[in-house]
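Asker: Structure supplied as target_18.pdb; contents: PDB, C-alpha atoms.
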ATOM      1  CA  MET A   1     -37.590 -44.981  47.722  1.00  0.00           C
ATOM      2  CA  LEU A   2     -34.077 -45.359  46.334  1.00  0.00           C
ATOM      3  CA  GLN A   3     -33.141 -48.677  47.928  1.00  0.00           C
ATOM      4  CA  ASN A   4     -32.681 -51.614  45.531  1.00  0.00           C
ATOM      5  CA  ASP A   5     -32.540 -49.274  42.532  1.00  0.00           C
ATOM      6  CA  PHE A   6     -30.292 -46.256  43.128  1.00  0.00           C
ATOM      7  CA  PHE A   7     -28.378 -47.920  45.957  1.00  0.00           C
ATOM      8  CA  TYR A   8     -28.006 -51.233  47.757  1.00  0.00           C
ATOM      9  CA  PHE A   9     -26.591 -51.911  51.210  1.00  0.00           C
ATOM     10  CA  THR A  10     -25.236 -54.807  53.189  1.00  0.00           C
ATOM     11  CA  PRO A  11     -27.105 -55.911  56.318  1.00  0.00           C
ATOM     12  CA  PRO A  12     -26.126 -53.347  58.965  1.00  0.00           C
ATOM     13  CA  GLN A  13     -23.669 -54.480  61.614  1.00  0.00           C
ATOM     14  CA  ILE A  14     -25.216 -53.170  64.815  1.00  0.00           C
ATOM     15  CA  GLU A  15     -23.444 -52.598  68.120  1.00  0.00           C
ATOM     16  CA  GLY A  16     -25.634 -50.819  70.645  1.00  0.00           C
ATOM     17  CA  ASN A  17     -27.004 -47.751  68.898  1.00  0.00           C
ATOM     18  CA  VAL A  18     -24.421 -47.729  66.070  1.00  0.00           C
ATOM     19  CA  ALA A  19     -25.152 -49.343  62.707  1.00  0.00           C
ATOM     20  CA  LYS A  20     -22.483 -49.740  60.032  1.00  0.00           C
ATOM     21  CA  THR A  21     -23.154 -50.770  56.456  1.00  0.00           C
ATOM     22  CA  VAL A  22     -21.533 -50.724  53.029  1.00  0.00           C
ATOM     23  CA  LEU A  23     -23.469 -48.855  50.349  1.00  0.00           C
ATOM     24  CA  GLU A  24     -23.246 -49.729  46.665  1.00  0.00           C
ATOM     25  CA  ILE A  25     -24.229 -46.868  44.352  1.00  0.00           C
ATOM     26  CA  ASN A  26     -25.739 -47.829  40.978  1.00  0.00           C
ATOM     27  CA  ALA A  27     -23.659 -45.788  38.512  1.00  0.00           C
ATOM     28  CA  GLY A  28     -26.074 -46.727  35.710  1.00  0.00           C
ATOM     29  CA  HIS A  29     -29.113 -45.177  37.396  1.00  0.00           C
ATOM     30  CA  GLN A  30     -31.072 -42.664  35.308  1.00  0.00           C
ATOM     31  CA  ILE A  31     -30.497 -39.903  37.897  1.00  0.00           C
ATOM     32  CA  PHE A  32     -26.953 -39.625  36.561  1.00  0.00           C
ATOM     33  CA  GLU A  33     -28.217 -38.847  33.059  1.00  0.00           C
ATOM     34  CA  GLY A  34     -28.984 -35.369  34.379  1.00  0.00           C
ATOM     35  CA  HIS A  35     -26.626 -35.125  37.364  1.00  0.00           C
ATOM     36  CA  PHE A  36     -24.271 -34.879  35.430  1.00  0.00           C
ATOM     37  CA  PRO A  37     -23.840 -36.466  31.977  1.00  0.00           C
ATOM     38  CA  GLY A  38     -20.330 -37.886  31.674  1.00  0.00           C
ATOM     39  CA  ASN A  39     -19.484 -36.908  35.267  1.00  0.00           C
ATOM     40  CA  PRO A  40     -21.987 -38.594  37.601  1.00  0.00           C
ATOM     41  CA  ILE A  41     -22.318 -37.047  41.053  1.00  0.00           C
ATOM     42  CA  VAL A  42     -24.605 -38.387  43.793  1.00  0.00           C
ATOM     43  CA  PRO A  43     -27.071 -35.582  44.605  1.00  0.00           C
ATOM     44  CA  GLY A  44     -27.083 -34.371  48.207  1.00  0.00           C
ATOM     45  CA  VAL A  45     -30.801 -35.087  48.521  1.00  0.00           C
ATOM     46  CA  CYS A  46     -30.065 -38.712  47.614  1.00  0.00           C
ATOM     47  CA  MET A  47     -27.441 -38.954  50.374  1.00  0.00           C
ATOM     48  CA  MET A  48     -30.060 -37.705  52.831  1.00  0.00           C
ATOM     49  CA  GLN A  49     -32.626 -40.215  51.531  1.00  0.00           C
ATOM     50  CA  ILE A  50     -30.086 -43.034  51.880  1.00  0.00           C
ATOM     51  CA  VAL A  51     -29.626 -42.148  55.563  1.00  0.00           C
ATOM     52  CA  LYS A  52     -33.411 -42.153  56.056  1.00  0.00           C
ATOM     53  CA  GLU A  53     -33.927 -45.505  54.345  1.00  0.00           C
ATOM     54  CA  VAL A  54     -31.110 -47.245  56.220  1.00  0.00           C
ATOM     55  CA  LEU A  55     -32.414 -45.768  59.501  1.00  0.00           C
ATOM     56  CA  GLU A  56     -35.849 -47.232  58.748  1.00  0.00           C
ATOM     57  CA  GLN A  57     -34.326 -50.690  58.327  1.00  0.00           C
ATOM     58  CA  VAL A  58     -32.414 -50.338  61.587  1.00  0.00           C
ATOM     59  CA  VAL A  59     -35.379 -49.138  63.710  1.00  0.00           C
ATOM     60  CA  GLY A  60     -38.030 -51.198  61.892  1.00  0.00           C
ATOM     61  CA  ALA A  61     -40.334 -48.256  61.209  1.00  0.00           C
ATOM     62  CA  LYS A  62     -41.070 -45.643  58.573  1.00  0.00           C
ATOM     63  CA  THR A  63     -39.748 -42.224  59.583  1.00  0.00           C
ATOM     64  CA  ARG A  64     -40.149 -38.565  58.800  1.00  0.00           C
ATOM     65  CA  LEU A  65     -37.417 -35.957  59.144  1.00  0.00           C
ATOM     66  CA  LEU A  66     -38.287 -33.384  61.819  1.00  0.00           C
ATOM     67  CA  LYS A  67     -35.086 -31.385  61.991  1.00  0.00           C
ATOM     68  CA  ALA A  68     -31.827 -31.305  60.071  1.00  0.00           C
ATOM     69  CA  GLY A  69     -29.618 -29.595  62.617  1.00  0.00           C
ATOM     70  CA  ASP A  70     -26.359 -30.035  60.731  1.00  0.00           C
ATOM     71  CA  MET A  71     -25.888 -31.240  57.161  1.00  0.00           C
ATOM     72  CA  LYS A  72     -22.439 -31.032  55.552  1.00  0.00           C
ATOM     73  CA  PHE A  73     -21.594 -32.089  52.012  1.00  0.00           C
ATOM     74  CA  LEU A  74     -17.808 -32.344  52.161  1.00  0.00           C
ATOM     75  CA  ALA A  75     -16.872 -34.202  48.963  1.00  0.00           C
ATOM     76  CA  VAL A  76     -18.682 -35.434  45.875  1.00  0.00           C
ATOM     77  CA  ILE A  77     -19.425 -39.104  45.347  1.00  0.00           C
ATOM     78  CA  ASN A  78     -18.742 -40.119  41.766  1.00  0.00           C
ATOM     79  CA  PRO A  79     -20.071 -43.691  41.579  1.00  0.00           C
ATOM     80  CA  ASN A  80     -17.571 -44.544  38.838  1.00  0.00           C
ATOM     81  CA  ASP A  81     -14.737 -43.791  41.277  1.00  0.00           C
ATOM     82  CA  ASN A  82     -16.491 -44.728  44.538  1.00  0.00           C
ATOM     83  CA  ARG A  83     -19.065 -47.392  43.792  1.00  0.00           C
ATOM     84  CA  PHE A  84     -18.817 -48.655  47.383  1.00  0.00           C
ATOM     85  CA  VAL A  85     -18.873 -46.294  50.371  1.00  0.00           C
ATOM     86  CA  ASN A  86     -19.492 -46.767  54.088  1.00  0.00           C
ATOM     87  CA  LEU A  87     -22.365 -45.442  56.167  1.00  0.00           C
ATOM     88  CA  ASP A  88     -22.007 -45.174  59.943  1.00  0.00           C
ATOM     89  CA  LEU A  89     -25.313 -44.312  61.595  1.00  0.00           C
ATOM     90  CA  THR A  90     -25.753 -43.603  65.297  1.00  0.00           C
ATOM     91  CA  HIS A  91     -29.331 -43.368  66.524  1.00  0.00           C
ATOM     92  CA  ILE A  92     -30.788 -42.638  69.936  1.00  0.00           C
ATOM     93  CA  ILE A  93     -34.495 -43.054  70.613  1.00  0.00           C
ATOM     94  CA  MET A  94     -35.409 -40.223  72.973  1.00  0.00           C
ATOM     95  CA  ASP A  95     -38.134 -40.078  75.641  1.00  0.00           C
ATOM     96  CA  ASP A  96     -40.591 -38.434  73.221  1.00  0.00           C
ATOM     97  CA  SER A  97     -40.005 -41.281  70.712  1.00  0.00           C
ATOM     98  CA  ASN A  98     -38.083 -38.986  68.397  1.00  0.00           C
ATOM     99  CA  ILE A  99     -34.880 -40.470  66.981  1.00  0.00           C
ATOM    100  CA  ARG A 100     -31.683 -38.439  67.179  1.00  0.00           C
ATOM    101  CA  VAL A 101     -29.384 -39.420  64.312  1.00  0.00           C
ATOM    102  CA  ASP A 102     -25.724 -38.798  63.510  1.00  0.00           C
ATOM    103  CA  ALA A 103     -24.599 -40.210  60.176  1.00  0.00           C
ATOM    104  CA  ILE A 104     -21.413 -40.193  58.126  1.00  0.00           C
ATOM    105  CA  ILE A 105     -20.916 -41.426  54.568  1.00  0.00           C
ATOM    106  CA  GLN A 106     -17.221 -42.008  53.902  1.00  0.00           C
ATOM    107  CA  LYS A 107     -14.625 -44.157  52.212  1.00  0.00           C
ATOM    108  CA  ASP A 108     -11.225 -44.607  53.798  1.00  0.00           C
ATOM    109  CA  THR A 109     -10.186 -41.093  54.894  1.00  0.00           C
ATOM    110  CA  THR A 110     -12.605 -39.226  52.589  1.00  0.00           C
ATOM    111  CA  VAL A 111     -15.767 -38.001  54.288  1.00  0.00           C
ATOM    112  CA  PHE A 112     -18.502 -37.231  51.765  1.00  0.00           C
ATOM    113  CA  PHE A 113     -21.448 -36.357  53.998  1.00  0.00           C
ATOM    114  CA  LYS A 114     -22.148 -35.650  57.676  1.00  0.00           C
ATOM    115  CA  PHE A 115     -25.619 -35.329  59.141  1.00  0.00           C
ATOM    116  CA  LYS A 116     -27.089 -34.605  62.572  1.00  0.00           C
ATOM    117  CA  GLY A 117     -30.822 -34.365  63.007  1.00  0.00           C
ATOM    118  CA  ILE A 118     -34.092 -35.660  64.415  1.00  0.00           C
ATOM    119  CA  PHE A 119     -36.537 -38.132  62.865  1.00  0.00           C
ATOM    120  CA  ILE A 120     -39.915 -39.293  64.133  1.00  0.00           C
ATOM    121  CA  LYS A 121     -41.435 -42.727  63.599  1.00  0.00           C
ATOM    122  CA  ASN A 122     -44.472 -42.676  61.303  1.00  0.00           C
ATOM    123  CA  GLU A 123     -45.513 -46.325  61.413  1.00  0.00           C
ATOM    124  CA  GLU A 124     -44.084 -49.757  62.079  1.00  0.00           C
ATOM    125  CA  VAL A 125     -42.715 -51.583  59.029  1.00  0.00           C
TER
END
If you convert what's in this file into C-alpha coordinates, what do you get?
Answerer:
Amino acid sequence: MLQNDFFYFTPPQIEGNVAKTVLEINAGHQIFEGHFPGNPIVPGVCMMQIVKEVLEQVVGAKTRLLKAGDMKFLAVINPNDNRFVNLDLTHIIMDDSNIRVDAIIQKDTTVFFKFKGIFIKNEEV
(Lines of atoms letter the chains of each structure in order from A and count residues from 1; the text may use other names and numbers.)
(Lines give C-alpha, C1' and ligand atoms only; values in the text may rest on other atoms or scores of the structure.)
Protein backbone atom coordinates (compact mmCIF):
# COMPACT_ATOMS: atom_id res chain seq x y z
CA MET A 1 0.00 0.00 0.00
CA LEU A 2 1.44 3.34 -1.08
CA GLN A 3 -1.33 5.63 0.15
CA ASN A 4 -0.41 7.97 3.03
CA ASP A 5 3.30 7.33 2.50
CA PHE A 6 4.31 7.49 -1.17
CA PHE A 7 1.25 9.50 -2.19
CA TYR A 8 -1.76 11.28 -0.74
CA PHE A 9 -5.00 12.25 -2.46
CA THR A 10 -7.89 14.60 -1.92
CA PRO A 11 -11.36 13.13 -1.39
CA PRO A 12 -12.51 12.14 -4.89
CA GLN A 13 -15.12 14.35 -6.51
CA ILE A 14 -17.58 11.84 -7.94
CA GLU A 15 -20.11 12.46 -10.70
CA GLY A 16 -21.82 9.29 -11.84
CA ASN A 17 -19.07 6.80 -12.59
CA VAL A 18 -16.26 9.39 -12.85
CA ALA A 19 -14.03 10.20 -9.88
CA LYS A 20 -11.53 13.06 -9.95
CA THR A 21 -8.84 13.64 -7.35
CA VAL A 22 -5.59 15.52 -6.85
CA LEU A 23 -2.58 13.35 -6.03
CA GLU A 24 0.36 14.61 -3.99
CA ILE A 25 3.57 12.64 -4.57
CA ASN A 26 6.02 12.46 -1.64
CA ALA A 27 9.33 13.49 -3.24
CA GLY A 28 11.18 12.45 -0.07
CA HIS A 29 10.03 8.83 -0.23
CA GLN A 30 12.79 6.20 -0.11
CA ILE A 31 11.73 4.78 -3.50
CA PHE A 32 13.41 7.79 -5.09
CA GLU A 33 16.75 6.90 -3.51
CA GLY A 34 17.00 4.19 -6.16
CA HIS A 35 14.68 5.53 -8.87
CA PHE A 36 16.76 7.67 -9.54
CA PRO A 37 19.20 9.44 -7.19
CA GLY A 38 19.22 13.16 -7.96
CA ASN A 39 16.51 12.75 -10.63
CA PRO A 40 13.44 11.19 -9.00
CA ILE A 41 10.98 9.52 -11.37
CA VAL A 42 7.71 7.89 -10.28
CA PRO A 43 7.95 4.22 -11.30
CA GLY A 44 5.25 2.97 -13.67
CA VAL A 45 4.28 0.22 -11.24
CA CYS A 46 3.59 2.91 -8.63
CA MET A 47 1.29 4.77 -11.04
CA MET A 48 -0.64 1.53 -11.53
CA GLN A 49 -0.83 0.95 -7.76
CA ILE A 50 -2.10 4.51 -7.26
CA VAL A 51 -4.97 3.81 -9.68
CA LYS A 52 -5.80 0.59 -7.80
CA GLU A 53 -5.78 2.24 -4.38
CA VAL A 54 -7.92 5.19 -5.44
CA LEU A 55 -10.35 2.79 -7.16
CA GLU A 56 -10.67 0.84 -3.90
CA GLN A 57 -11.63 4.02 -2.05
CA VAL A 58 -14.20 4.89 -4.71
CA VAL A 59 -15.89 1.44 -4.83
CA GLY A 60 -15.43 0.64 -1.13
CA ALA A 61 -13.77 -2.73 -1.71
CA LYS A 62 -10.36 -4.31 -2.11
CA THR A 63 -9.64 -5.20 -5.74
CA ARG A 64 -7.39 -7.36 -7.85
CA LEU A 65 -6.29 -6.54 -11.38
CA LEU A 66 -7.65 -9.08 -13.88
CA LYS A 67 -6.61 -7.52 -17.16
CA ALA A 68 -4.52 -4.54 -18.21
CA GLY A 69 -5.83 -4.04 -21.72
CA ASP A 70 -4.00 -0.79 -22.41
CA MET A 71 -1.28 0.83 -20.31
CA LYS A 72 0.61 3.84 -21.69
CA PHE A 73 3.40 5.68 -19.91
CA LEU A 74 3.55 8.94 -21.87
CA ALA A 75 5.70 11.23 -19.71
CA VAL A 76 7.74 10.89 -16.54
CA ILE A 77 6.54 12.32 -13.25
CA ASN A 78 9.38 14.01 -11.40
CA PRO A 79 7.86 14.85 -8.00
CA ASN A 80 10.20 17.83 -7.62
CA ASP A 81 8.64 19.38 -10.73
CA ASN A 82 5.13 17.89 -10.44
CA ARG A 83 4.38 17.30 -6.79
CA PHE A 84 0.64 17.59 -7.50
CA VAL A 85 -1.02 15.79 -10.42
CA ASN A 86 -4.61 14.93 -11.28
CA LEU A 87 -6.19 11.50 -11.53
CA ASP A 88 -9.42 11.03 -13.48
CA LEU A 89 -10.86 7.56 -12.98
CA THR A 90 -13.91 6.21 -14.79
CA HIS A 91 -15.28 2.91 -13.51
CA ILE A 92 -18.16 0.76 -14.65
CA ILE A 93 -19.33 -2.21 -12.60
CA MET A 94 -20.31 -4.86 -15.13
CA ASP A 95 -22.91 -7.64 -14.85
CA ASP A 96 -20.29 -10.16 -13.69
CA SER A 97 -19.22 -7.74 -10.90
CA ASN A 98 -15.95 -6.99 -12.66
CA ILE A 99 -15.00 -3.31 -12.75
CA ARG A 100 -13.97 -1.78 -16.06
CA VAL A 101 -11.59 1.12 -15.42
CA ASP A 102 -10.23 3.96 -17.55
CA ALA A 103 -7.74 6.19 -15.76
CA ILE A 104 -5.57 9.16 -16.67
CA ILE A 105 -2.87 10.81 -14.57
CA GLN A 106 -2.15 14.30 -15.90
CA LYS A 107 -1.30 17.88 -15.07
CA ASP A 108 -2.56 20.68 -17.26
CA THR A 109 -1.91 19.48 -20.84
CA THR A 110 0.71 16.86 -19.91
CA VAL A 111 -0.60 13.30 -19.77
CA PHE A 112 1.71 11.04 -17.78
CA PHE A 113 -0.21 7.76 -17.72
CA LYS A 114 -3.27 6.20 -19.38
CA PHE A 115 -4.80 2.91 -18.31
CA LYS A 116 -7.71 0.74 -19.46
CA GLY A 117 -8.38 -2.55 -17.76
CA ILE A 118 -10.53 -4.81 -15.61
CA PHE A 119 -10.47 -5.26 -11.83
CA ILE A 120 -12.46 -7.65 -9.66
CA LYS A 121 -13.63 -6.99 -6.11
CA ASN A 122 -11.86 -9.16 -3.53
CA GLU A 123 -13.65 -8.09 -0.36
CA GLU A 124 -15.59 -5.19 1.07
CA VAL A 125 -13.51 -2.58 2.91
Asker: Write out as a PyMOL selection string each polymer residue whose atoms come within 7 Å of range 36-45 of chain A, counting all atoms listed in the file; drop sequence neighbours fewer than 6 positions from it.
Answerer: chain A and resi 76-79
Asker: Given the PyMOL selection byres ((chain A and resi 5-14) around 12) and the file above, list the residues it selects as a PyMOL selection string.
Answerer: chain A and resi 1-4+15-32+42-43+46-47+49-51+53-59+79+83-91
Asker: Which residues would end up in the selection if the PyMOL selection byres ((chain A and resi 110) around 10) were applied here, given that I need the answer as a PyMOL selection string?
Answerer: chain A and resi 74-77+85+105-109+111-113
Asker: Write the residues you've just listed into a file as a tab-separated table (two decimals), keeping the file's coordinate frame, and include C-alpha atoms for each of them.
Answerer:
chain	number	residue	atom	x	y	z
A	74	LEU	CA	-17.81	-32.34	52.16
A	75	ALA	CA	-16.87	-34.20	48.96
A	76	VAL	CA	-18.68	-35.43	45.88
A	77	ILE	CA	-19.42	-39.10	45.35
A	85	VAL	CA	-18.87	-46.29	50.37
A	105	ILE	CA	-20.92	-41.43	54.57
A	106	GLN	CA	-17.22	-42.01	53.90
A	107	LYS	CA	-14.62	-44.16	52.21
A	108	ASP	CA	-11.22	-44.61	53.80
A	109	THR	CA	-10.19	-41.09	54.89
A	111	VAL	CA	-15.77	-38.00	54.29
A	112	PHE	CA	-18.50	-37.23	51.76
A	113	PHE	CA	-21.45	-36.36	54.00
Asker: Record the distance separating CA of Ile93 in chain A and CA of Met48 in chain A, expressed in Å with one decimal.
Answerer: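 Value for the CA of Ile93 in chain A-CA of Met48 in chain A distance: 19.1 Å.
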Asker: Go through A:Ala61, A:His35, A:Asp102, A:Met94 one by one, measure the shortest atom-to-atom distance of each to Lys121 in chain A using all atoms listed in the file, and give the residue with the smallest value.
Answerer: A:Ala61
Asker: What's around Lys116 in chain A at 10 Å? Count all atoms listed in the file, leave out sequence neighbours fewer than 4 positions away in its own chain, and write the answer as number ranges by chain.
Answerer: A: 67-72, 89-91, 100-104
Asker: In Å, with one decimal, what is the gap from CA of Ile118 in chain A to CA of Phe73 in chain A?
Answerer: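 Computing the Euclidean distance for CA of Ile118 in chain A and CA of Phe73 in chain A yields 18.0 Å.
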Asker: Mind filling out range 47-83 of chain A with N, CA and C atoms and sending it as a JSON list (two decimals), keeping the file's coordinate frame?
Answerer:
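In the end it all went to rebuild.json:
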[["chain", "number", "residue", "atom", "x", "y", "z"],
["A", 47, "MET", "N", -28.20, -38.54, 49.18],
["A", 47, "MET", "CA", -27.44, -38.95, 50.37],
["A", 47, "MET", "C", -28.33, -38.90, 51.61],
["A", 48, "MET", "N", -29.15, -37.84, 51.70],
["A", 48, "MET", "CA", -30.06, -37.70, 52.83],
["A", 48, "MET", "C", -31.10, -38.82, 52.82],
["A", 49, "GLN", "N", -31.63, -39.14, 51.65],
["A", 49, "GLN", "CA", -32.63, -40.22, 51.53],
["A", 49, "GLN", "C", -32.02, -41.57, 51.88],
["A", 50, "ILE", "N", -30.77, -41.78, 51.52],
["A", 50, "ILE", "CA", -30.09, -43.03, 51.88],
["A", 50, "ILE", "C", -30.03, -43.18, 53.39],
["A", 51, "VAL", "N", -29.67, -42.11, 54.10],
["A", 51, "VAL", "CA", -29.63, -42.15, 55.56],
["A", 51, "VAL", "C", -31.00, -42.52, 56.11],
["A", 52, "LYS", "N", -32.04, -41.89, 55.59],
["A", 52, "LYS", "CA", -33.41, -42.15, 56.06],
["A", 52, "LYS", "C", -33.79, -43.62, 55.83],
["A", 53, "GLU", "N", -33.52, -44.14, 54.65],
["A", 53, "GLU", "CA", -33.93, -45.50, 54.34],
["A", 53, "GLU", "C", -33.15, -46.54, 55.15],
["A", 54, "VAL", "N", -31.87, -46.32, 55.38],
["A", 54, "VAL", "CA", -31.11, -47.24, 56.22],
["A", 54, "VAL", "C", -31.60, -47.15, 57.66],
["A", 55, "LEU", "N", -31.87, -45.93, 58.15],
["A", 55, "LEU", "CA", -32.41, -45.77, 59.50],
["A", 55, "LEU", "C", -33.71, -46.56, 59.66],
["A", 56, "GLU", "N", -34.58, -46.51, 58.67],
["A", 56, "GLU", "CA", -35.85, -47.23, 58.75],
["A", 56, "GLU", "C", -35.64, -48.74, 58.87],
["A", 57, "GLN", "N", -34.64, -49.27, 58.19],
["A", 57, "GLN", "CA", -34.33, -50.69, 58.33],
["A", 57, "GLN", "C", -33.82, -51.00, 59.73],
["A", 58, "VAL", "N", -33.01, -50.11, 60.27],
["A", 58, "VAL", "CA", -32.41, -50.34, 61.59],
["A", 58, "VAL", "C", -33.47, -50.28, 62.69],
["A", 59, "VAL", "N", -34.38, -49.31, 62.64],
["A", 59, "VAL", "CA", -35.38, -49.14, 63.71],
["A", 59, "VAL", "C", -36.68, -49.89, 63.43],
["A", 60, "GLY", "N", -36.84, -50.42, 62.21],
["A", 60, "GLY", "CA", -38.03, -51.20, 61.89],
["A", 60, "GLY", "C", -39.30, -50.37, 61.78],
["A", 61, "ALA", "N", -39.16, -49.12, 61.34],
["A", 61, "ALA", "CA", -40.33, -48.26, 61.21],
["A", 61, "ALA", "C", -40.08, -47.20, 60.14],
["A", 62, "LYS", "N", -41.16, -46.78, 59.48],
["A", 62, "LYS", "CA", -41.07, -45.64, 58.57],
["A", 62, "LYS", "C", -40.81, -44.40, 59.41],
["A", 63, "THR", "N", -40.08, -43.43, 58.84],
["A", 63, "THR", "CA", -39.75, -42.22, 59.58],
["A", 63, "THR", "C", -40.03, -40.98, 58.75],
["A", 64, "ARG", "N", -40.03, -39.87, 59.44],
["A", 64, "ARG", "CA", -40.15, -38.56, 58.80],
["A", 64, "ARG", "C", -39.12, -37.66, 59.44],
["A", 65, "LEU", "N", -38.42, -36.88, 58.63],
["A", 65, "LEU", "CA", -37.42, -35.96, 59.14],
["A", 65, "LEU", "C", -38.11, -34.78, 59.83],
["A", 66, "LEU", "N", -37.76, -34.53, 61.09],
["A", 66, "LEU", "CA", -38.29, -33.38, 61.82],
["A", 66, "LEU", "C", -37.35, -32.19, 61.77],
["A", 67, "LYS", "N", -36.05, -32.48, 61.92],
["A", 67, "LYS", "CA", -35.09, -31.38, 61.99],
["A", 67, "LYS", "C", -33.74, -31.85, 61.46],
["A", 68, "ALA", "N", -33.19, -31.08, 60.54],
["A", 68, "ALA", "CA", -31.83, -31.30, 60.07],
["A", 68, "ALA", "C", -30.97, -30.24, 60.72],
["A", 69, "GLY", "N", -30.39, -30.57, 61.85],
["A", 69, "GLY", "CA", -29.62, -29.60, 62.62],
["A", 69, "GLY", "C", -28.28, -29.26, 61.99],
["A", 70, "ASP", "N", -27.68, -30.23, 61.32],
["A", 70, "ASP", "CA", -26.36, -30.04, 60.73],
["A", 70, "ASP", "C", -26.23, -30.99, 59.56],
["A", 71, "MET", "N", -26.02, -30.44, 58.37],
["A", 71, "MET", "CA", -25.89, -31.24, 57.16],
["A", 71, "MET", "C", -24.70, -30.69, 56.39],
["A", 72, "LYS", "N", -23.65, -31.50, 56.23],
["A", 72, "LYS", "CA", -22.44, -31.03, 55.55],
["A", 72, "LYS", "C", -22.11, -31.96, 54.39],
["A", 73, "PHE", "N", -22.01, -31.37, 53.21],
["A", 73, "PHE", "CA", -21.59, -32.09, 52.01],
["A", 73, "PHE", "C", -20.13, -31.72, 51.79],
["A", 74, "LEU", "N", -19.23, -32.65, 52.10],
["A", 74, "LEU", "CA", -17.81, -32.34, 52.16],
["A", 74, "LEU", "C", -17.02, -32.77, 50.93],
["A", 75, "ALA", "N", -17.53, -33.74, 50.19],
["A", 75, "ALA", "CA", -16.87, -34.20, 48.96],
["A", 75, "ALA", "C", -17.94, -34.84, 48.09],
["A", 76, "VAL", "N", -17.71, -34.82, 46.78],
["A", 76, "VAL", "CA", -18.68, -35.43, 45.88],
["A", 76, "VAL", "C", -18.44, -36.93, 45.78],
["A", 77, "ILE", "N", -19.52, -37.67, 45.59],
["A", 77, "ILE", "CA", -19.42, -39.10, 45.35],
["A", 77, "ILE", "C", -19.67, -39.33, 43.86],
["A", 78, "ASN", "N", -18.62, -39.70, 43.15],
["A", 78, "ASN", "CA", -18.74, -40.12, 41.77],
["A", 78, "ASN", "C", -18.80, -41.64, 41.81],
["A", 79, "PRO", "N", -19.94, -42.24, 41.44],
["A", 79, "PRO", "CA", -20.07, -43.69, 41.58],
["A", 79, "PRO", "C", -19.14, -44.49, 40.67],
["A", 80, "ASN", "N", -18.56, -43.84, 39.66],
["A", 80, "ASN", "CA", -17.57, -44.54, 38.84],
["A", 80, "ASN", "C", -16.26, -44.70, 39.60],
["A", 81, "ASP", "N", -15.96, -43.75, 40.48],
["A", 81, "ASP", "CA", -14.74, -43.79, 41.28],
["A", 81, "ASP", "C", -14.96, -44.42, 42.65],
["A", 82, "ASN", "N", -16.16, -44.25, 43.19],
["A", 82, "ASN", "CA", -16.49, -44.73, 44.54],
["A", 82, "ASN", "C", -17.83, -45.45, 44.51],
["A", 83, "ARG", "N", -17.83, -46.60, 43.88],
["A", 83, "ARG", "CA", -19.07, -47.39, 43.79],
["A", 83, "ARG", "C", -19.50, -47.87, 45.17]]
